[in-house]
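Student: So that you have it, the file is start_31.pdb, and it contains PDB, C-alpha atoms and all ligand atoms:
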ATOM      1  CA  MET A   1     -45.152 -14.506 -27.758  1.00  0.00           C
ATOM      2  CA  ARG A   2     -44.093 -15.592 -24.287  1.00  0.00           C
ATOM      3  CA  LEU A   3     -40.646 -17.060 -23.613  1.00  0.00           C
ATOM      4  CA  ALA A   4     -39.285 -19.099 -20.742  1.00  0.00           C
ATOM      5  CA  VAL A   5     -35.528 -19.539 -20.347  1.00  0.00           C
ATOM      6  CA  PHE A   6     -34.233 -22.682 -18.616  1.00  0.00           C
ATOM      7  CA  ALA A   7     -30.746 -22.416 -17.089  1.00  0.00           C
ATOM      8  CA  SER A   8     -28.679 -24.204 -14.451  1.00  0.00           C
ATOM      9  CA  GLY A   9     -25.567 -22.132 -13.813  1.00  0.00           C
ATOM     10  CA  ASN A  10     -23.871 -18.846 -14.609  1.00  0.00           C
ATOM     11  CA  GLY A  11     -26.566 -17.475 -16.900  1.00  0.00           C
ATOM     12  CA  SER A  12     -24.569 -15.214 -19.213  1.00  0.00           C
ATOM     13  CA  ASN A  13     -26.739 -16.324 -22.164  1.00  0.00           C
ATOM     14  CA  PHE A  14     -29.890 -15.722 -20.136  1.00  0.00           C
ATOM     15  CA  GLN A  15     -28.623 -12.212 -19.462  1.00  0.00           C
ATOM     16  CA  ALA A  16     -27.857 -11.573 -23.152  1.00  0.00           C
ATOM     17  CA  ILE A  17     -31.379 -12.716 -24.092  1.00  0.00           C
ATOM     18  CA  ALA A  18     -33.035 -10.672 -21.332  1.00  0.00           C
ATOM     19  CA  GLU A  19     -31.173  -7.552 -22.451  1.00  0.00           C
ATOM     20  CA  ALA A  20     -32.147  -8.155 -26.081  1.00  0.00           C
ATOM     21  CA  VAL A  21     -35.804  -8.422 -25.036  1.00  0.00           C
ATOM     22  CA  LYS A  22     -35.468  -5.239 -23.003  1.00  0.00           C
ATOM     23  CA  ARG A  23     -34.031  -3.210 -25.891  1.00  0.00           C
ATOM     24  CA  GLY A  24     -36.697  -4.533 -28.272  1.00  0.00           C
ATOM     25  CA  GLN A  25     -34.356  -6.666 -30.436  1.00  0.00           C
ATOM     26  CA  ILE A  26     -36.474  -9.709 -29.572  1.00  0.00           C
ATOM     27  CA  ASN A  27     -40.172  -9.023 -29.964  1.00  0.00           C
ATOM     28  CA  ALA A  28     -41.422 -11.191 -27.092  1.00  0.00           C
ATOM     29  CA  GLU A  29     -41.996 -11.227 -23.393  1.00  0.00           C
ATOM     30  CA  LEU A  30     -39.455 -13.003 -21.218  1.00  0.00           C
ATOM     31  CA  SER A  31     -41.997 -14.398 -18.799  1.00  0.00           C
ATOM     32  CA  LEU A  32     -39.803 -16.439 -16.513  1.00  0.00           C
ATOM     33  CA  LEU A  33     -36.543 -18.119 -15.708  1.00  0.00           C
ATOM     34  CA  PHE A  34     -36.752 -21.740 -14.682  1.00  0.00           C
ATOM     35  CA  CYS A  35     -33.679 -22.968 -12.794  1.00  0.00           C
ATOM     36  CA  ASP A  36     -33.135 -26.518 -11.523  1.00  0.00           C
ATOM     37  CA  ARG A  37     -30.380 -25.463  -9.072  1.00  0.00           C
ATOM     38  CA  LYS A  38     -31.429 -23.291  -6.183  1.00  0.00           C
ATOM     39  CA  ASN A  39     -28.017 -21.664  -5.694  1.00  0.00           C
ATOM     40  CA  ALA A  40     -27.187 -20.957  -9.325  1.00  0.00           C
ATOM     41  CA  TYR A  41     -25.870 -17.480 -10.143  1.00  0.00           C
ATOM     42  CA  VAL A  42     -28.424 -17.099 -12.930  1.00  0.00           C
ATOM     43  CA  ILE A  43     -31.092 -16.609 -10.239  1.00  0.00           C
ATOM     44  CA  GLN A  44     -29.345 -13.476  -9.007  1.00  0.00           C
ATOM     45  CA  ARG A  45     -29.151 -12.172 -12.561  1.00  0.00           C
ATOM     46  CA  ALA A  46     -32.902 -12.701 -13.028  1.00  0.00           C
ATOM     47  CA  LYS A  47     -33.735 -10.946  -9.776  1.00  0.00           C
ATOM     48  CA  ALA A  48     -31.583  -7.960 -10.747  1.00  0.00           C
ATOM     49  CA  LEU A  49     -33.428  -7.850 -14.077  1.00  0.00           C
ATOM     50  CA  MET A  50     -36.820  -8.193 -12.322  1.00  0.00           C
ATOM     51  CA  ILE A  51     -37.645 -11.381 -14.218  1.00  0.00           C
ATOM     52  CA  PRO A  52     -39.744 -13.931 -12.282  1.00  0.00           C
ATOM     53  CA  VAL A  53     -37.819 -17.026 -11.175  1.00  0.00           C
ATOM     54  CA  ILE A  54     -39.104 -20.506 -10.539  1.00  0.00           C
ATOM     55  CA  SER A  55     -36.655 -22.975  -9.102  1.00  0.00           C
ATOM     56  CA  PHE A  56     -36.942 -26.587  -8.079  1.00  0.00           C
ATOM     57  CA  SER A  57     -34.883 -29.694  -8.571  1.00  0.00           C
ATOM     58  CA  PRO A  58     -35.688 -33.203  -9.812  1.00  0.00           C
ATOM     59  CA  LYS A  59     -34.554 -34.311  -6.347  1.00  0.00           C
ATOM     60  CA  ASP A  60     -37.749 -32.705  -4.964  1.00  0.00           C
ATOM     61  CA  PHE A  61     -39.821 -35.276  -6.928  1.00  0.00           C
ATOM     62  CA  PRO A  62     -40.191 -39.064  -6.857  1.00  0.00           C
ATOM     63  CA  SER A  63     -39.350 -39.315 -10.576  1.00  0.00           C
ATOM     64  CA  LYS A  64     -38.042 -37.304 -13.512  1.00  0.00           C
ATOM     65  CA  ALA A  65     -41.436 -37.638 -15.210  1.00  0.00           C
ATOM     66  CA  MET A  66     -43.115 -36.009 -12.214  1.00  0.00           C
ATOM     67  CA  TYR A  67     -40.496 -33.252 -12.132  1.00  0.00           C
ATOM     68  CA  GLU A  68     -41.130 -32.546 -15.807  1.00  0.00           C
ATOM     69  CA  ALA A  69     -44.907 -32.757 -15.353  1.00  0.00           C
ATOM     70  CA  GLU A  70     -44.631 -29.952 -12.805  1.00  0.00           C
ATOM     71  CA  ILE A  71     -42.578 -27.849 -15.249  1.00  0.00           C
ATOM     72  CA  LEU A  72     -45.137 -28.560 -17.958  1.00  0.00           C
ATOM     73  CA  HIS A  73     -47.953 -27.462 -15.694  1.00  0.00           C
ATOM     74  CA  LEU A  74     -46.079 -24.215 -15.057  1.00  0.00           C
ATOM     75  CA  MET A  75     -45.505 -23.618 -18.754  1.00  0.00           C
ATOM     76  CA  GLU A  76     -49.207 -24.086 -19.427  1.00  0.00           C
ATOM     77  CA  GLU A  77     -50.177 -21.804 -16.560  1.00  0.00           C
ATOM     78  CA  GLU A  78     -47.811 -19.117 -17.852  1.00  0.00           C
ATOM     79  CA  GLN A  79     -48.907 -19.706 -21.469  1.00  0.00           C
ATOM     80  CA  ILE A  80     -45.337 -20.170 -22.656  1.00  0.00           C
ATOM     81  CA  ASP A  81     -44.944 -20.382 -26.454  1.00  0.00           C
ATOM     82  CA  LEU A  82     -41.215 -21.043 -26.695  1.00  0.00           C
ATOM     83  CA  VAL A  83     -38.753 -22.641 -24.276  1.00  0.00           C
ATOM     84  CA  VAL A  84     -35.172 -21.406 -24.599  1.00  0.00           C
ATOM     85  CA  LEU A  85     -32.511 -23.607 -23.030  1.00  0.00           C
ATOM     86  CA  ALA A  86     -29.409 -21.632 -22.069  1.00  0.00           C
ATOM     87  CA  GLY A  87     -26.994 -23.768 -20.089  1.00  0.00           C
ATOM     88  CA  TYR A  88     -29.750 -26.084 -18.796  1.00  0.00           C
ATOM     89  CA  MET A  89     -27.629 -29.054 -17.747  1.00  0.00           C
ATOM     90  CA  ARG A  90     -30.249 -31.795 -18.035  1.00  0.00           C
ATOM     91  CA  ILE A  91     -31.466 -34.069 -20.755  1.00  0.00           C
ATOM     92  CA  VAL A  92     -35.047 -33.153 -21.607  1.00  0.00           C
ATOM     93  CA  GLY A  93     -37.294 -36.174 -21.144  1.00  0.00           C
ATOM     94  CA  PRO A  94     -40.377 -37.308 -23.072  1.00  0.00           C
ATOM     95  CA  THR A  95     -42.892 -35.491 -20.830  1.00  0.00           C
ATOM     96  CA  LEU A  96     -41.602 -32.064 -21.863  1.00  0.00           C
ATOM     97  CA  LEU A  97     -40.504 -33.047 -25.358  1.00  0.00           C
ATOM     98  CA  GLU A  98     -43.927 -34.232 -26.434  1.00  0.00           C
ATOM     99  CA  MET A  99     -45.602 -30.955 -25.522  1.00  0.00           C
ATOM    100  CA  PHE A 100     -42.813 -28.691 -26.717  1.00  0.00           C
ATOM    101  CA  SER A 101     -41.734 -30.449 -29.877  1.00  0.00           C
ATOM    102  CA  GLY A 102     -40.565 -27.711 -32.278  1.00  0.00           C
ATOM    103  CA  LYS A 103     -40.957 -25.154 -29.517  1.00  0.00           C
ATOM    104  CA  MET A 104     -37.822 -25.808 -27.519  1.00  0.00           C
ATOM    105  CA  ILE A 105     -34.399 -24.618 -28.605  1.00  0.00           C
ATOM    106  CA  ASN A 106     -30.866 -24.910 -27.249  1.00  0.00           C
ATOM    107  CA  ILE A 107     -27.423 -23.387 -27.657  1.00  0.00           C
ATOM    108  CA  HIS A 108     -24.376 -25.622 -27.838  1.00  0.00           C
ATOM    109  CA  PRO A 109     -20.749 -24.436 -27.820  1.00  0.00           C
ATOM    110  CA  SER A 110     -19.441 -26.387 -30.832  1.00  0.00           C
ATOM    111  CA  LEU A 111     -20.120 -26.822 -34.512  1.00  0.00           C
ATOM    112  CA  LEU A 112     -22.611 -29.665 -34.245  1.00  0.00           C
ATOM    113  CA  PRO A 113     -22.671 -32.526 -35.141  1.00  0.00           C
ATOM    114  CA  ASN A 114     -19.058 -32.267 -33.917  1.00  0.00           C
ATOM    115  CA  PHE A 115     -18.404 -32.377 -30.175  1.00  0.00           C
ATOM    116  CA  PRO A 116     -21.853 -32.888 -28.659  1.00  0.00           C
ATOM    117  CA  GLY A 117     -22.203 -33.423 -24.905  1.00  0.00           C
ATOM    118  CA  LEU A 118     -21.150 -31.621 -21.764  1.00  0.00           C
ATOM    119  CA  HIS A 119     -17.665 -30.440 -22.792  1.00  0.00           C
ATOM    120  CA  GLY A 120     -18.072 -29.073 -26.312  1.00  0.00           C
ATOM    121  CA  ILE A 121     -15.372 -26.405 -25.994  1.00  0.00           C
ATOM    122  CA  ALA A 122     -12.765 -28.508 -24.171  1.00  0.00           C
ATOM    123  CA  ASP A 123     -13.307 -31.487 -26.487  1.00  0.00           C
ATOM    124  CA  ALA A 124     -12.759 -29.359 -29.610  1.00  0.00           C
ATOM    125  CA  PHE A 125      -9.666 -27.760 -28.056  1.00  0.00           C
ATOM    126  CA  ALA A 126      -8.214 -31.148 -27.066  1.00  0.00           C
ATOM    127  CA  ALA A 127      -8.869 -32.526 -30.555  1.00  0.00           C
ATOM    128  CA  LYS A 128      -6.747 -29.666 -32.004  1.00  0.00           C
ATOM    129  CA  VAL A 129      -9.236 -28.947 -34.771  1.00  0.00           C
ATOM    130  CA  ALA A 130      -8.707 -25.763 -36.810  1.00  0.00           C
ATOM    131  CA  GLU A 131     -12.179 -24.445 -36.112  1.00  0.00           C
ATOM    132  CA  THR A 132     -15.117 -24.970 -33.837  1.00  0.00           C
ATOM    133  CA  GLY A 133     -18.142 -22.776 -33.194  1.00  0.00           C
ATOM    134  CA  VAL A 134     -21.587 -22.243 -31.763  1.00  0.00           C
ATOM    135  CA  THR A 135     -24.831 -23.965 -32.768  1.00  0.00           C
ATOM    136  CA  ILE A 136     -28.463 -23.110 -32.079  1.00  0.00           C
ATOM    137  CA  HIS A 137     -30.784 -26.064 -32.611  1.00  0.00           C
ATOM    138  CA  TYR A 138     -34.197 -27.508 -31.836  1.00  0.00           C
ATOM    139  CA  ILE A 139     -34.315 -30.082 -29.068  1.00  0.00           C
ATOM    140  CA  ASP A 140     -35.118 -33.680 -29.917  1.00  0.00           C
ATOM    141  CA  ASP A 141     -34.699 -36.905 -27.963  1.00  0.00           C
ATOM    142  CA  GLY A 142     -30.954 -37.196 -28.640  1.00  0.00           C
ATOM    143  CA  ILE A 143     -28.058 -35.321 -27.035  1.00  0.00           C
ATOM    144  CA  ASP A 144     -27.427 -32.170 -29.084  1.00  0.00           C
ATOM    145  CA  THR A 145     -28.844 -33.813 -32.205  1.00  0.00           C
ATOM    146  CA  GLY A 146     -31.947 -31.787 -33.131  1.00  0.00           C
ATOM    147  CA  PRO A 147     -32.389 -29.792 -36.381  1.00  0.00           C
ATOM    148  CA  ILE A 148     -29.895 -26.926 -36.668  1.00  0.00           C
ATOM    149  CA  ILE A 149     -31.241 -23.369 -36.844  1.00  0.00           C
ATOM    150  CA  ALA A 150     -28.009 -21.325 -36.928  1.00  0.00           C
ATOM    151  CA  GLN A 151     -24.256 -21.762 -36.619  1.00  0.00           C
ATOM    152  CA  THR A 152     -21.219 -19.493 -36.371  1.00  0.00           C
ATOM    153  CA  LYS A 153     -17.668 -20.739 -36.857  1.00  0.00           C
ATOM    154  CA  VAL A 154     -14.770 -19.813 -34.571  1.00  0.00           C
ATOM    155  CA  LYS A 155     -11.122 -20.335 -35.577  1.00  0.00           C
ATOM    156  CA  ILE A 156      -8.815 -21.963 -33.083  1.00  0.00           C
ATOM    157  CA  GLU A 157      -5.477 -20.136 -33.405  1.00  0.00           C
ATOM    158  CA  ASP A 158      -2.106 -21.603 -32.394  1.00  0.00           C
ATOM    159  CA  TYR A 159      -1.875 -19.111 -29.560  1.00  0.00           C
ATOM    160  CA  ASP A 160      -5.337 -19.919 -28.165  1.00  0.00           C
ATOM    161  CA  THR A 161      -5.618 -21.450 -24.713  1.00  0.00           C
ATOM    162  CA  LEU A 162      -8.738 -23.225 -23.505  1.00  0.00           C
ATOM    163  CA  GLU A 163      -9.616 -20.028 -21.603  1.00  0.00           C
ATOM    164  CA  SER A 164      -9.185 -17.733 -24.618  1.00  0.00           C
ATOM    165  CA  LEU A 165     -11.229 -20.123 -26.759  1.00  0.00           C
ATOM    166  CA  GLU A 166     -13.991 -20.197 -24.133  1.00  0.00           C
ATOM    167  CA  ALA A 167     -14.043 -16.394 -24.079  1.00  0.00           C
ATOM    168  CA  LYS A 168     -14.337 -16.221 -27.896  1.00  0.00           C
ATOM    169  CA  ILE A 169     -17.151 -18.792 -27.928  1.00  0.00           C
ATOM    170  CA  HIS A 170     -19.136 -17.064 -25.194  1.00  0.00           C
ATOM    171  CA  LYS A 171     -18.823 -13.705 -26.967  1.00  0.00           C
ATOM    172  CA  ILE A 172     -20.307 -15.258 -30.101  1.00  0.00           C
ATOM    173  CA  GLU A 173     -23.040 -17.011 -28.119  1.00  0.00           C
ATOM    174  CA  HIS A 174     -24.183 -13.730 -26.597  1.00  0.00           C
ATOM    175  CA  LYS A 175     -24.623 -12.281 -30.098  1.00  0.00           C
ATOM    176  CA  LEU A 176     -25.902 -15.330 -31.985  1.00  0.00           C
ATOM    177  CA  TYR A 177     -28.587 -16.425 -29.491  1.00  0.00           C
ATOM    178  CA  PRO A 178     -30.442 -13.077 -29.359  1.00  0.00           C
ATOM    179  CA  GLU A 179     -30.100 -12.615 -33.144  1.00  0.00           C
ATOM    180  CA  THR A 180     -31.404 -16.104 -33.883  1.00  0.00           C
ATOM    181  CA  LEU A 181     -34.296 -15.780 -31.446  1.00  0.00           C
ATOM    182  CA  ALA A 182     -35.227 -12.402 -32.906  1.00  0.00           C
ATOM    183  CA  LYS A 183     -35.339 -13.875 -36.442  1.00  0.00           C
ATOM    184  CA  LEU A 184     -37.188 -17.032 -35.429  1.00  0.00           C
ATOM    185  CA  ILE A 185     -39.855 -15.127 -33.528  1.00  0.00           C
ATOM    186  CA  LYS A 186     -40.248 -12.583 -36.331  1.00  0.00           C
ATOM    187  CA  THR A 187     -40.802 -15.414 -38.809  1.00  0.00           C
ATOM    188  CA  GLN A 188     -43.328 -17.136 -36.530  1.00  0.00           C
ATOM    189  CA  GLN A 189     -45.201 -13.899 -35.967  1.00  0.00           C
ATOM    190  CA  GLY A 190     -45.289 -13.284 -39.734  1.00  0.00           C
ATOM    191  CA  GLU A 191     -46.674 -16.777 -40.341  1.00  0.00           C
ATOM    192  CA  SER A 192     -49.378 -16.436 -37.701  1.00  0.00           C
ATOM    193  CA  GLN A 193     -50.681 -13.356 -39.523  1.00  0.00           C
ATOM    194  CA  LEU A 194     -51.175 -15.238 -42.817  1.00  0.00           C
TER
HETATM  195  C1  LIG B   1     -22.895 -22.087 -22.799  1.00  0.00           C
HETATM  196  O1  LIG B   1     -21.590 -22.257 -23.278  1.00  0.00           O
HETATM  197  C2  LIG B   1     -23.880 -22.871 -23.627  1.00  0.00           C
HETATM  198  O2  LIG B   1     -23.491 -23.001 -24.960  1.00  0.00           O
HETATM  199  C3  LIG B   1     -23.875 -24.212 -22.946  1.00  0.00           C
HETATM  200  O3  LIG B   1     -23.751 -23.915 -21.580  1.00  0.00           O
HETATM  201  C4  LIG B   1     -23.084 -22.671 -21.415  1.00  0.00           C
HETATM  202  C5  LIG B   1     -23.945 -21.827 -20.536  1.00  0.00           C
HETATM  203  O4  LIG B   1     -23.314 -20.620 -20.145  1.00  0.00           O
HETATM  204  N1  LIG B   1     -25.070 -24.958 -23.305  1.00  0.00           N
HETATM  205  P1  LIG B   1     -24.135 -19.524 -19.378  1.00  0.00           P
HETATM  206  O5  LIG B   1     -24.768 -20.191 -18.145  1.00  0.00           O
HETATM  207  O6  LIG B   1     -25.182 -18.985 -20.304  1.00  0.00           O
HETATM  208  O7  LIG B   1     -23.139 -18.471 -18.966  1.00  0.00           O
END
Mind turning this structure into structure tokens?
Ligand code: GRF

Tutor:
Amino acid sequence: MRLAVFASGNGSNFQAIAEAVKRGQINAELSLLFCDRKNAYVIQRAKALMIPVISFSPKDFPSKAMYEAEILHLMEEEQIDLVVLAGYMRIVGPTLLEMFSGKMINIHPSLLPNFPGLHGIADAFAAKVAETGVTIHYIDDGIDTGPIIAQTKVKIEDYDTLESLEAKIHKIEHKLYPETLAKLIKTQQGESQL
């Protein structure tokens, strides 16, 4: 089982996944990081962890379809079985979706279907809801709408600030993503032996 992580920014979830692979919690190979922003901090994390990095931007291509076709080509070359989005700040288009339907998952910092979109944590905080959370889901052609694989709830306390809520959410993400990937991959490996 070969994984590719797609990320655009800080990369704390990428790091949590890479460490889980390293300690054997996730029974797979983390074959590469794909990053669409050449200066993103996640690239430094990958280099420190000795994980191969491929980085290019849609701006390097005449169209989004051509950008995605290049990614697809890479995934095929690297024989990637599962694409793990971890802070990849782009909507996945039809070129990638068609080939990776059911093989592309994402983490979102809210209890979906509540608060989809770019600002899941801030939107939940501003709405003053009693609880929010973290969701792992398959990617489909909507924005944060695909079938849900796992969720963890997080209480928003009266004393929480946006910063403290963000910290709580990220802590849960770093536990839930590796755990969910480990389970999913174990199940898939079991099924392929039947
Ligand atoms: C996470 O909160 C994730 O849920 C969202 O983007 C953020 C990425 O953080 N999709 P990081 O780059 O993994 O630190």

Student: Rank A:Arg90, A:Lys22, A:His108, A:Lys59 by their smallest atom-to-atom distance to Ser8 of chain A, using only C-alpha atoms, and report the top residue only.

Tutor: A:Arg90

Student: Taking the file as shown, find all residues satisfying the PyMOL selection byres (((not hetatm)) within 6 of (chain B and resi 1)) and write them as a ChimeraX atom specification.

Tutor: /A:9-14,86-87,107-109

Student: To verify the selection step, state as a VMD selection string which residues the PyMOL selection byres (((chain A and resi 2) around 8) and not hetatm) yields on this input.

Tutor: chain A and resid 1 3 to 4 28 to 31 79 to 82

Student: Can I get the selected residues back with C-alpha atoms, as a PDB file, in the frame of the given file?

Tutor:
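So out06.pdb came out as:
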ATOM      1  CA  MET A   1     -45.152 -14.506 -27.758  1.00  0.00           C
ATOM      2  CA  LEU A   3     -40.646 -17.060 -23.613  1.00  0.00           C
ATOM      3  CA  ALA A   4     -39.285 -19.099 -20.742  1.00  0.00           C
ATOM      4  CA  ALA A  28     -41.422 -11.191 -27.092  1.00  0.00           C
ATOM      5  CA  GLU A  29     -41.996 -11.227 -23.393  1.00  0.00           C
ATOM      6  CA  LEU A  30     -39.455 -13.003 -21.218  1.00  0.00           C
ATOM      7  CA  SER A  31     -41.997 -14.398 -18.799  1.00  0.00           C
ATOM      8  CA  GLN A  79     -48.907 -19.706 -21.469  1.00  0.00           C
ATOM      9  CA  ILE A  80     -45.337 -20.170 -22.656  1.00  0.00           C
ATOM     10  CA  ASP A  81     -44.944 -20.382 -26.454  1.00  0.00           C
ATOM     11  CA  LEU A  82     -41.215 -21.043 -26.695  1.00  0.00           C
TER      12      LEU A  82
END

Student: If the PyMOL selection byres (((chain A and resi 118) around 12) and not hetatm) is run on the structure shown, which residues does it catch, given as a list in words?

Tutor: Gly87, Tyr88, Met89, Arg90, Ile91, Ile107, His108, Pro109, Ser110, Phe115, Pro116, Gly117, His119, Gly120, Ile121, Ala122, Asp123, Ala124, Ile143 and Asp144 of chain A

Student: Rounded to one decimal place, report the atom CA of Leu176 of chain A-atom CA of Leu32 of chain A distance in Å.

Tutor: 20.8 Å

Student: Between A:Ala7, A:His170, A:Ser63, A:Ile17, which one has atoms that come closest to Tyr41 of chain A, using all atoms listed in the file?

Tutor: A:Ala7

Student: So the first atom is atom CA of Ser57 of chain A and the second is atom CA of Asp36 of chain A; what is the distance between them in Å, to one decimal place?

Tutor: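 Separation of atom CA of Ser57 of chain A and atom CA of Asp36 of chain A: 4.7 Å.
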
Student: Please identify all polymer residues lying at most 10 Å from the point (-12.7, -20.2, -27.8) (file coordinates), using only C-alpha atoms, and present the result as a PyMOL selection string.

Tutor: chain A and resi 109-110+121-122+124-125+131-134+154-157+160-172

Student: Kindly indicate which residue among A:Val5, A:Leu85, A:Ile139, A:Ile51 lies nearest to Ser101 of chain A, using all atoms listed in the file for the distances.

Tutor: A:Ile139

Student: Could you tell me which of A:Lys128, A:Phe56, A:Ala150, A:Lys64 comes closest to Ile43 of chain A if we count all atoms listed in the file?

Tutor: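 Comparing A:Lys128, A:Phe56, A:Ala150, A:Lys64 against Ile43 of chain A, the winner is A:Phe56.
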
Student: So how far away is atom CA of Ala65 of chain A from atom CA of Glu77 of chain A, in Å?

Tutor: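 Going from atom CA of Glu77 of chain A over to atom CA of Ala65 of chain A, I get 18.1 Å.
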
Student: Which residues of segment 16-121 of chain A sit at most 7 Å from segment 177-193 of chain A, using only C-alpha atoms? Give each one's shortest atom pair and distance in Å (one decimal place), in chain and ascending residue order, as a Markdown table.

Tutor:
| residue | atom | partner | partner_atom | distance |
| --- | --- | --- | --- | --- |
| A:Ala16 | CA | A:Pro178 | CA | 6.9 |
| A:Ile17 | CA | A:Pro178 | CA | 5.4 |
| A:Ala20 | CA | A:Pro178 | CA | 6.2 |
| A:Gln25 | CA | A:Ala182 | CA | 6.3 |
| A:Ile26 | CA | A:Ala182 | CA | 4.5 |
| A:Asn27 | CA | A:Ala182 | CA | 6.7 |

Student: Got time to write the residues from that selection, C-alpha atoms, as a PDB file, keeping the file's coordinate frame?

Tutor:
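Okay, this is what ended up in out_16.pdb:
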ATOM      1  CA  ALA A  16     -27.857 -11.573 -23.152  1.00  0.00           C
ATOM      2  CA  ILE A  17     -31.379 -12.716 -24.092  1.00  0.00           C
ATOM      3  CA  ALA A  20     -32.147  -8.155 -26.081  1.00  0.00           C
ATOM      4  CA  GLN A  25     -34.356  -6.666 -30.436  1.00  0.00           C
ATOM      5  CA  ILE A  26     -36.474  -9.709 -29.572  1.00  0.00           C
ATOM      6  CA  ASN A  27     -40.172  -9.023 -29.964  1.00  0.00           C
TER       7      ASN A  27
END

Student: Centre and edge lengths, as JSON, for the axis-aligned box enclosing every listed atom of segment 129-142 of chain A with 6 Å of padding on each of the six sides, in Å to one decimal?

Tutor:
{"center_x": -21.9, "center_y": -29.7, "center_z": -32.4, "size_x": 38.4, "size_y": 27.0, "size_z": 20.8}

Student: Have a look at A:Thr95, A:Thr145, A:Gln44, A:Asn39 and name the one nearest to Pro113 of chain A; count all atoms listed in the file.

Tutor: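 Looking at the shortest contact to Pro113 of chain A, the residue is A:Thr145.
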
Student: Using all atoms listed in the file, which of the listed residues (A:Leu97, A:Phe6, A:Asn114, A:His73) sits closest to Val53 of chain A?

Tutor: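 The answer is A:Phe6, which sits nearest to Val53 of chain A.
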